[in-house]
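Chemist: Contents of target20.txt (compact mmCIF, C-alpha atoms) are below:
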```txt
# COMPACT_ATOMS: atom_id res chain seq x y z
CA MET A 1 5.54 10.63 -21.48
CA ALA A 2 6.46 13.87 -19.79
CA VAL A 3 9.65 14.05 -17.77
CA VAL A 4 9.10 14.45 -14.05
CA ARG A 5 11.14 17.09 -12.29
CA PRO A 6 13.95 15.58 -10.23
CA ASP A 7 13.64 18.07 -7.38
CA PHE A 8 11.43 17.05 -4.48
CA MET A 9 9.26 19.57 -2.69
CA LEU A 10 9.36 17.73 0.60
CA THR A 11 9.11 20.68 2.95
CA THR A 12 7.90 24.26 3.18
CA PRO A 13 9.01 27.07 5.50
CA ALA A 14 5.83 26.63 7.53
CA PHE A 15 6.54 22.92 7.87
CA GLU A 16 10.13 23.54 8.96
CA GLU A 17 8.93 25.92 11.67
CA ALA A 18 6.35 23.47 13.04
CA PRO A 19 7.05 21.56 16.29
CA LEU A 20 9.19 18.45 15.97
CA SER A 21 6.33 16.21 17.09
CA HIS A 22 4.12 17.59 14.32
CA ARG A 23 6.81 17.12 11.66
CA LEU A 24 7.48 13.57 12.86
CA GLY A 25 3.78 12.79 12.79
CA VAL A 26 3.49 14.05 9.22
CA ARG A 27 6.46 11.97 8.07
CA LEU A 28 5.12 8.83 9.76
CA HIS A 29 1.75 9.43 8.13
CA GLU A 30 3.42 9.65 4.72
CA TYR A 31 5.39 6.47 5.34
CA ALA A 32 2.22 4.66 6.44
CA SER A 33 0.47 5.86 3.29
CA LEU A 34 3.40 4.72 1.15
CA ALA A 35 3.13 1.25 2.75
CA ARG A 36 -0.68 1.30 2.22
CA LEU A 37 -1.36 0.73 5.91
CA ASP A 38 -4.48 2.84 5.45
CA ARG A 39 -5.82 0.40 2.83
CA PRO A 40 -5.97 -3.05 4.46
CA VAL A 41 -7.88 -4.79 1.65
CA GLY A 42 -4.57 -5.66 -0.04
CA THR A 43 -3.35 -7.28 3.16
CA TRP A 44 -6.49 -9.40 3.40
CA LEU A 45 -6.12 -10.54 -0.21
CA LEU A 46 -2.63 -11.81 0.59
CA LEU A 47 -3.53 -13.16 4.03
CA TRP A 48 -6.44 -15.41 3.04
CA PRO A 49 -4.36 -17.93 1.01
CA ALA A 50 -1.87 -18.11 3.87
CA LEU A 51 -4.70 -18.88 6.30
CA TRP A 52 -6.19 -21.50 3.96
CA ALA A 53 -2.81 -23.22 3.80
CA LEU A 54 -2.07 -22.93 7.51
CA TRP A 55 -5.39 -24.51 8.49
CA ILE A 56 -5.10 -27.33 5.95
CA ALA A 57 -1.43 -28.04 6.68
CA GLY A 58 -2.15 -27.92 10.41
CA ALA A 59 -5.23 -30.17 10.13
CA GLY A 60 -7.39 -27.40 11.59
CA ARG A 61 -4.98 -26.60 14.40
CA PRO A 62 -2.10 -24.49 13.10
CA SER A 63 0.77 -23.81 15.45
CA PRO A 64 0.08 -20.51 17.28
CA ARG A 65 3.69 -19.44 16.80
CA VAL A 66 3.61 -20.15 13.06
CA LEU A 67 0.22 -18.44 12.75
CA ILE A 68 1.47 -15.26 14.44
CA VAL A 69 4.64 -15.19 12.32
CA PHE A 70 2.65 -15.58 9.11
CA VAL A 71 0.06 -12.95 9.95
CA LEU A 72 2.72 -10.41 10.88
CA GLY A 73 4.87 -11.48 7.94
CA VAL A 74 2.06 -10.95 5.44
CA VAL A 75 1.39 -7.47 6.82
CA VAL A 76 5.07 -6.51 6.66
CA MET A 77 5.77 -8.03 3.23
CA ARG A 78 2.67 -6.47 1.72
CA ALA A 79 3.86 -3.10 3.01
CA ALA A 80 7.34 -3.74 1.60
CA GLY A 81 5.86 -4.77 -1.74
CA CYS A 82 3.85 -1.56 -1.94
CA VAL A 83 6.94 0.55 -1.16
CA ILE A 84 9.16 -1.08 -3.79
CA ASN A 85 6.30 -0.97 -6.31
CA ASP A 86 5.86 2.78 -5.81
CA PHE A 87 9.62 3.28 -5.97
CA ALA A 88 9.74 1.51 -9.34
CA ASP A 89 6.71 3.50 -10.57
CA ARG A 90 7.69 6.88 -9.13
CA ASP A 91 7.95 8.45 -12.60
CA ILE A 92 4.86 6.65 -13.92
CA ASP A 93 2.34 7.15 -11.12
CA PRO A 94 2.15 10.95 -11.60
CA HIS A 95 0.58 10.29 -15.03
CA VAL A 96 -2.13 7.95 -13.72
CA ARG A 97 -5.21 9.54 -12.18
CA ARG A 98 -5.64 6.89 -9.49
CA THR A 99 -2.00 7.00 -8.31
CA ARG A 100 -0.83 10.57 -8.84
CA ASP A 101 -1.37 11.51 -5.18
CA ARG A 102 0.74 8.69 -3.74
CA PRO A 103 3.58 10.00 -1.54
CA LEU A 104 6.38 9.20 -4.00
CA ALA A 105 4.42 10.35 -7.04
CA ALA A 106 3.45 13.61 -5.33
CA ARG A 107 7.08 14.09 -4.16
CA ARG A 108 6.17 14.15 -0.49
CA VAL A 109 8.60 11.28 0.11
CA SER A 110 12.00 10.95 -1.59
CA PRO A 111 13.31 7.78 -3.30
CA VAL A 112 16.02 7.49 -0.63
CA GLU A 113 13.41 7.54 2.14
CA ALA A 114 11.41 4.89 0.28
CA LEU A 115 14.43 2.61 -0.08
CA LEU A 116 15.28 3.02 3.61
CA LEU A 117 11.70 2.16 4.57
CA PHE A 118 11.80 -0.86 2.25
CA ALA A 119 15.04 -2.05 3.82
CA ALA A 120 13.59 -1.65 7.31
CA LEU A 121 10.50 -3.64 6.40
CA LEU A 122 12.62 -6.39 4.84
CA ALA A 123 14.71 -6.53 8.01
CA VAL A 124 11.55 -7.02 10.08
CA ALA A 125 10.33 -9.71 7.68
CA LEU A 126 13.71 -11.46 7.87
CA TYR A 127 13.59 -11.44 11.66
CA LEU A 128 10.09 -12.94 11.61
CA VAL A 129 10.89 -15.72 9.17
CA THR A 130 14.05 -16.72 11.05
CA ARG A 131 11.72 -17.76 13.89
CA LEU A 132 10.82 -20.68 11.61
CA ASP A 133 12.77 -23.63 10.19
CA LEU A 134 15.50 -23.44 7.54
CA PHE A 135 13.31 -24.88 4.76
CA THR A 136 10.77 -22.10 5.24
CA VAL A 137 13.54 -19.49 5.37
CA LYS A 138 14.84 -20.69 1.98
CA LEU A 139 11.35 -20.46 0.49
CA ALA A 140 10.96 -16.98 2.01
CA CYS A 141 14.17 -15.83 0.30
CA ILE A 142 12.83 -17.04 -3.03
CA GLY A 143 9.55 -15.24 -2.32
CA ALA A 144 11.35 -12.01 -1.44
CA ALA A 145 13.31 -12.10 -4.70
CA LEU A 146 10.11 -12.73 -6.67
CA THR A 147 8.35 -9.88 -4.86
CA ILE A 148 11.11 -7.42 -5.72
CA SER A 149 10.97 -8.49 -9.37
CA TYR A 150 7.22 -7.88 -9.78
CA PRO A 151 7.18 -4.06 -10.19
CA PHE A 152 9.66 -4.27 -13.06
CA PHE A 153 7.82 -7.02 -14.97
CA LYS A 154 5.06 -4.63 -16.04
CA ARG A 155 7.63 -2.88 -18.22
CA PHE A 156 7.89 -5.82 -20.62
CA PHE A 157 5.81 -8.82 -19.46
CA PRO A 158 2.30 -8.74 -21.00
CA LEU A 159 0.72 -10.52 -18.00
CA PRO A 160 2.17 -8.83 -14.89
CA GLN A 161 -1.01 -9.70 -12.98
CA LEU A 162 -0.18 -13.39 -13.40
CA TRP A 163 3.36 -12.72 -12.21
CA LEU A 164 1.89 -10.98 -9.16
CA GLY A 165 0.12 -14.22 -8.27
CA ILE A 166 3.19 -16.36 -8.89
CA SER A 167 5.55 -14.09 -7.00
CA PHE A 168 3.45 -12.53 -4.26
CA GLY A 169 -0.20 -13.50 -4.15
CA GLY A 170 0.27 -17.19 -3.51
CA TRP A 171 3.82 -17.82 -2.34
CA SER A 172 2.69 -17.93 1.28
CA VAL A 173 0.94 -21.24 0.51
CA PRO A 174 4.02 -23.44 0.03
CA MET A 175 5.72 -21.52 2.84
CA ALA A 176 2.83 -22.36 5.18
CA PHE A 177 3.01 -26.07 4.37
CA ALA A 178 6.78 -26.02 4.84
CA ALA A 179 6.47 -24.30 8.21
CA GLN A 180 3.73 -26.63 9.45
CA THR A 181 4.78 -29.99 8.02
CA GLY A 182 8.30 -29.64 6.61
CA VAL A 183 7.17 -30.98 3.22
CA LEU A 184 5.33 -29.74 0.12
CA PRO A 185 2.63 -32.31 -0.77
CA ARG A 186 0.60 -32.21 -3.96
CA VAL A 187 -2.28 -30.41 -2.27
CA ALA A 188 0.07 -27.52 -1.42
CA TRP A 189 0.82 -26.92 -5.10
CA VAL A 190 -2.81 -27.24 -6.16
CA LEU A 191 -3.77 -24.68 -3.51
CA TYR A 192 -0.90 -22.50 -4.72
CA ILE A 193 -2.29 -22.64 -8.26
CA ALA A 194 -5.68 -21.58 -6.92
CA ALA A 195 -4.10 -18.62 -5.13
CA VAL A 196 -2.13 -17.62 -8.25
CA LEU A 197 -5.25 -17.69 -10.42
CA TRP A 198 -7.20 -15.72 -7.82
CA ALA A 199 -4.53 -13.00 -7.70
CA ALA A 200 -4.58 -12.82 -11.51
CA VAL A 201 -8.37 -12.40 -11.35
CA TYR A 202 -8.57 -9.59 -8.84
CA ASP A 203 -5.53 -7.73 -10.15
CA THR A 204 -6.83 -7.89 -13.73
CA ILE A 205 -10.10 -6.38 -12.51
CA TYR A 206 -8.05 -3.71 -10.75
CA ALA A 207 -6.04 -3.09 -13.93
CA MET A 208 -9.28 -2.41 -15.83
CA ILE A 209 -9.58 0.80 -13.80
CA ASP A 210 -6.28 2.15 -15.16
CA ARG A 211 -6.46 0.74 -18.68
CA GLU A 212 -6.76 4.09 -20.48
CA ASP A 213 -3.89 5.66 -18.54
CA ASP A 214 -1.72 2.54 -18.92
CA LEU A 215 -2.24 2.58 -22.68
CA LYS A 216 -1.07 6.19 -22.85
CA ILE A 217 2.12 5.62 -20.88
CA GLY A 218 2.97 2.18 -22.27
CA VAL A 219 2.62 0.07 -19.11
CA LYS A 220 1.72 -3.59 -19.66
CA SER A 221 -1.31 -5.23 -18.02
CA SER A 222 -3.55 -8.23 -18.56
CA ALA A 223 -6.50 -5.84 -18.91
CA ILE A 224 -4.79 -4.35 -21.98
CA LEU A 225 -3.76 -7.74 -23.37
CA PHE A 226 -7.25 -9.22 -22.93
CA SER A 227 -8.87 -6.13 -24.51
CA ASP A 228 -12.57 -6.75 -25.26
CA MET A 229 -12.23 -10.36 -24.06
CA ASP A 230 -11.38 -9.22 -20.54
CA LYS A 231 -14.64 -10.25 -18.88
CA LEU A 232 -14.63 -13.65 -20.58
CA LEU A 233 -11.03 -14.42 -19.67
CA ILE A 234 -11.55 -13.22 -16.09
CA GLY A 235 -14.49 -15.63 -15.95
CA VAL A 236 -12.28 -18.45 -17.27
CA MET A 237 -9.68 -17.77 -14.56
CA GLN A 238 -12.41 -17.62 -11.92
CA ALA A 239 -13.69 -21.02 -13.04
CA MET A 240 -10.17 -22.46 -13.04
CA MET A 241 -9.56 -21.14 -9.53
CA LEU A 242 -12.78 -22.72 -8.27
CA TYR A 243 -11.89 -26.02 -9.94
CA ALA A 244 -8.47 -25.98 -8.27
CA LEU A 245 -10.23 -25.51 -4.92
CA VAL A 246 -12.52 -28.43 -5.74
CA LEU A 247 -9.43 -30.58 -6.38
CA VAL A 248 -8.03 -29.48 -3.01
CA GLY A 249 -11.26 -30.61 -1.38
CA ARG A 250 -11.13 -33.99 -3.10
CA ASP A 251 -7.51 -34.52 -2.12
CA MET A 252 -8.31 -33.71 1.51
CA HIS A 253 -11.66 -35.60 1.50
CA PHE A 254 -13.49 -32.46 2.58
CA GLY A 255 -17.28 -32.47 2.82
CA ARG A 256 -20.20 -30.08 2.70
CA TRP A 257 -18.77 -27.31 4.87
CA TYR A 258 -15.82 -26.81 2.55
CA GLN A 259 -17.97 -27.26 -0.54
CA GLY A 260 -20.30 -24.58 0.78
CA GLY A 261 -17.39 -22.17 1.08
CA VAL A 262 -16.33 -22.85 -2.52
CA ILE A 263 -19.92 -22.41 -3.74
CA ALA A 264 -20.16 -19.10 -1.87
CA ALA A 265 -16.94 -17.98 -3.58
CA GLY A 266 -18.49 -18.91 -6.92
CA VAL A 267 -21.59 -16.83 -6.18
CA LEU A 268 -19.37 -13.86 -5.36
CA PHE A 269 -17.56 -14.33 -8.67
CA VAL A 270 -20.90 -14.15 -10.48
CA TRP A 271 -21.61 -10.89 -8.65
CA GLN A 272 -18.23 -9.54 -9.73
CA GLN A 273 -19.01 -10.33 -13.35
CA TRP A 274 -22.17 -8.28 -12.99
CA LEU A 275 -20.24 -5.39 -11.48
CA ILE A 276 -17.71 -5.25 -14.33
CA ARG A 277 -20.24 -5.79 -17.10
CA LYS A 278 -19.94 -2.16 -18.32
CA ARG A 279 -16.22 -1.85 -17.53
CA GLU A 280 -16.89 1.29 -15.48
CA PRO A 281 -14.08 2.18 -13.04
CA ALA A 282 -16.45 2.38 -10.06
CA GLY A 283 -17.91 -1.05 -10.81
CA CYS A 284 -14.45 -2.56 -11.34
CA LEU A 285 -13.27 -1.14 -8.02
CA ARG A 286 -16.28 -2.65 -6.23
CA ALA A 287 -15.57 -6.01 -7.87
CA PHE A 288 -11.93 -5.83 -6.83
CA LEU A 289 -12.84 -5.03 -3.22
CA ASN A 290 -15.41 -7.85 -3.22
CA ASN A 291 -12.58 -10.38 -3.54
CA GLN A 292 -11.74 -10.06 0.13
CA TYR A 293 -15.05 -11.83 0.78
CA VAL A 294 -14.11 -14.58 -1.67
CA GLY A 295 -11.07 -15.34 0.45
CA LEU A 296 -13.16 -15.16 3.62
CA ALA A 297 -15.79 -17.55 2.21
CA VAL A 298 -13.17 -20.18 1.36
CA PHE A 299 -11.52 -19.81 4.77
CA ILE A 300 -14.85 -20.19 6.60
CA GLY A 301 -15.46 -23.37 4.62
CA VAL A 302 -12.05 -24.77 5.60
CA PHE A 303 -12.45 -23.68 9.23
CA LEU A 304 -15.94 -25.18 9.64
CA GLN A 305 -14.85 -28.37 7.91
CA TYR A 306 -12.35 -29.02 10.67
CA VAL A 307 -14.68 -27.85 13.45
CA TYR A 308 -17.70 -29.99 12.55
CA ALA A 309 -16.24 -32.90 10.57
CA ARG A 310 -13.86 -34.40 13.12
```
Translate this structure into structure tokens?

Modeler:
Amino acid sequence: MAVVRPDFMLTTPAFEEAPLSHRLGVRLHEYASLARLDRPVGTWLLLWPALWALWIAGAGRPSPRVLIVFVLGVVVMRAAGCVINDFADRDIDPHVRRTRDRPLAARRVSPVEALLLFAALLAVALYLVTRLDLFTVKLACIGAALTISYPFFKRFFPLPQLWLGISFGGWSVPMAFAAQTGVLPRVAWVLYIAAVLWAAVYDTIYAMIDREDDLKIGVKSSAILFSDMDKLLIGVMQAMMLYALVLVGRDMHFGRWYQGGVIAAGVLFVWQQWLIRKREPAGCLRAFLNNQYVGLAVFIGVFLQYVYAR
């Protein structure tokens, strides 16, 4: 792998001579891009499991305060996760076609700026979570440590997509139950398993886009590990995720509204298998993006279950 130059071309004479408001606007735009605020699909993928858990733990009526804290917290922590991920990959992303124009990879933002932004986002997240009880704060600290560890796991762990689910994609589920009820019942862990499997599914599909580049630079991914069995193993994880959701429904004695949401998610999974059938990057990207509707379908099922089955 080529060595990336250590000097950062952050400014030009024309930029330095521009009005302060213009320069500030450019910097804020770069920071927003670094935090992926312009790509909300990732936020939705993390938010849906939190909303599933909040509605179930709150018996259809989650605390407004807890709901607001979780929504804002997911947005902030997703942004922080993107920043620390790009910081860890700042010498790798320039060699990947999909990521070479990211602010850190393109040297429009320095590592120091990225770390300062990450610290600021963590401070905001800490403030938000301290509005909740001590049990939830402890779980949040564990989640933060797991989130920071994720970008470095792809260096040696053959299934970093699974670690993404364990550390980031589903940790909001036990936190939501802790915040709403103060306990972690069995259904919380079954729902957590569903969220972990779902994150492994959509991130493996996403990894299929970069498989050729990742092979060249030596980055680990489940798409590489699964090789020509990728579609089959994604299908197995999709089935396991749906079964975990079925178990949640049984535990909660949910009826047809919830079952309809799970069935709709299953139909969307079938569509995703069709999209990735040729392993083309465009089809894999469409399948990845389609997962936001999987989360929505499950949430609608949970929501309508409480609305019409009281």

Chemist: Please write as a PyMOL selection string the list of polymer residues whose atoms come within 10 Å of (-18.4, -8.4, -14.1), counting only C-alpha atoms and keeping to the coordinates of the file.

Modeler: chain A and resi 205+230-232+234-235+269-280+283-284+286-287

Chemist: Using all atoms listed in the file - which residues lie no farther than 6 Å from the point (9.0, -13.4, 1.1) in the file's frame? Write them as a list in words.

Modeler: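 Those residues lying close to the given coordinates are Ala140, Cys141, Gly143 and Ala144 of chain A.
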
Chemist: Just want the 9 Å neighbourhood of A:Leu146, counted on all atoms listed in the file, with same-chain residues fewer than 4 positions away dropped. Output as a list of chain:residue names.

Modeler: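 Once the nearby chain positions are removed, what remains is A:Cys141, A:Ile142, A:Tyr150, A:Trp163, A:Leu164, A:Ile166, A:Ser167, A:Phe168.
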
Chemist: What's the separation between atom CA of A:Gln305 and atom CA of A:Trp257, in Å to one decimal place?

Modeler: 5.1 Å

Chemist: Separation of atom CA of A:Gly295 and atom CA of A:Ala59, in Å?

Modeler: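 Computing it gives 18.6 Å between the two atoms.
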
Chemist: I'd like to know which of A:Ala35, A:Ala264, A:Ala199, A:Leu215 is closest to A:Ala114, using all atoms listed in the file.

Modeler: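 Answer, going by the shortest atom-to-atom distance: A:Ala35.
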
Chemist: Here is a test: counting only C-alpha atoms, which residue of A:Lys220, A:Arg131, A:Arg211, A:Arg102 is nearest to A:Pro160?

Modeler: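 Checking each candidate against A:Pro160, we get A:Lys220 as the closest.
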
Chemist: What is the atom CA of A:Arg97-atom CA of A:Leu46 distance in Å, reported with one decimal?

Modeler: 25.0 Å

Chemist: Can you pull out every residue within 8 Å of A:Tyr192, counting all atoms listed in the file, but drop anything in the same chain fewer than 3 positions away, and send it as a VMD selection string?

Modeler: chain A and resid 170 to 171 173 to 174 188 to 189 195 to 196

Chemist: Keeping only C-alpha atoms, write those residues as a short mmCIF file (atom, residue, chain, number, x, y, z; two decimals), keeping the file's coordinate frame.

Modeler:
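selection_17.cif was written with the following content:
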```
data_model
loop_
_atom_site.label_atom_id
_atom_site.label_comp_id
_atom_site.auth_asym_id
_atom_site.auth_seq_id
_atom_site.Cartn_x
_atom_site.Cartn_y
_atom_site.Cartn_z
CA GLY A 170 0.27 -17.19 -3.51
CA TRP A 171 3.82 -17.82 -2.34
CA VAL A 173 0.94 -21.24 0.51
CA PRO A 174 4.02 -23.44 0.03
CA ALA A 188 0.07 -27.52 -1.42
CA TRP A 189 0.82 -26.92 -5.10
CA ALA A 195 -4.10 -18.62 -5.13
CA VAL A 196 -2.13 -17.62 -8.25
#
```

Chemist: Output stretch 223-264 of chain A from the block with C-alpha atoms, as a CSV table (one decimal), in the first residue's frame?

Modeler:
```
chain,number,residue,atom,x,y,z
A,223,ALA,CA,-17.8,-10.0,2.4
A,224,ILE,CA,-14.2,-11.2,1.9
A,225,LEU,CA,-14.5,-14.0,4.4
A,226,PHE,CA,-17.8,-15.3,2.9
A,227,SER,CA,-16.4,-15.1,-0.6
A,228,ASP,CA,-18.7,-16.9,-3.1
A,229,MET,CA,-21.0,-17.9,-0.2
A,230,ASP,CA,-21.8,-14.3,0.6
A,231,LYS,CA,-25.4,-14.3,-0.7
A,232,LEU,CA,-26.2,-17.5,1.0
A,233,LEU,CA,-24.8,-16.5,4.3
A,234,ILE,CA,-26.5,-13.1,4.1
A,235,GLY,CA,-29.7,-15.0,3.6
A,236,VAL,CA,-29.0,-17.2,6.6
A,237,MET,CA,-28.5,-14.1,8.8
A,238,GLN,CA,-31.6,-12.5,7.4
A,239,ALA,CA,-33.6,-15.6,8.3
A,240,MET,CA,-32.1,-15.6,11.8
A,241,MET,CA,-32.9,-12.0,12.3
A,242,LEU,CA,-36.6,-12.6,11.3
A,243,TYR,CA,-36.8,-15.6,13.6
A,244,ALA,CA,-35.4,-13.5,16.5
A,245,LEU,CA,-38.2,-11.0,15.8
A,246,VAL,CA,-40.8,-13.8,15.8
A,247,LEU,CA,-39.5,-14.8,19.2
A,248,VAL,CA,-39.9,-11.2,20.4
A,249,GLY,CA,-43.5,-11.3,19.2
A,250,ARG,CA,-44.2,-14.6,21.0
A,251,ASP,CA,-42.7,-13.3,24.2
A,252,MET,CA,-44.8,-10.1,24.1
A,253,HIS,CA,-47.9,-12.0,22.8
A,254,PHE,CA,-48.1,-9.7,19.8
A,255,GLY,CA,-50.7,-10.3,17.1
A,256,ARG,CA,-51.3,-9.7,13.4
A,257,TRP,CA,-50.1,-6.1,13.3
A,258,TYR,CA,-46.7,-7.0,14.5
A,259,GLN,CA,-46.6,-10.2,12.4
A,260,GLY,CA,-47.4,-8.1,9.4
A,261,GLY,CA,-44.4,-5.9,10.0
A,262,VAL,CA,-42.1,-8.9,10.3
A,263,ILE,CA,-43.6,-10.4,7.1
A,264,ALA,CA,-43.0,-7.0,5.3
```
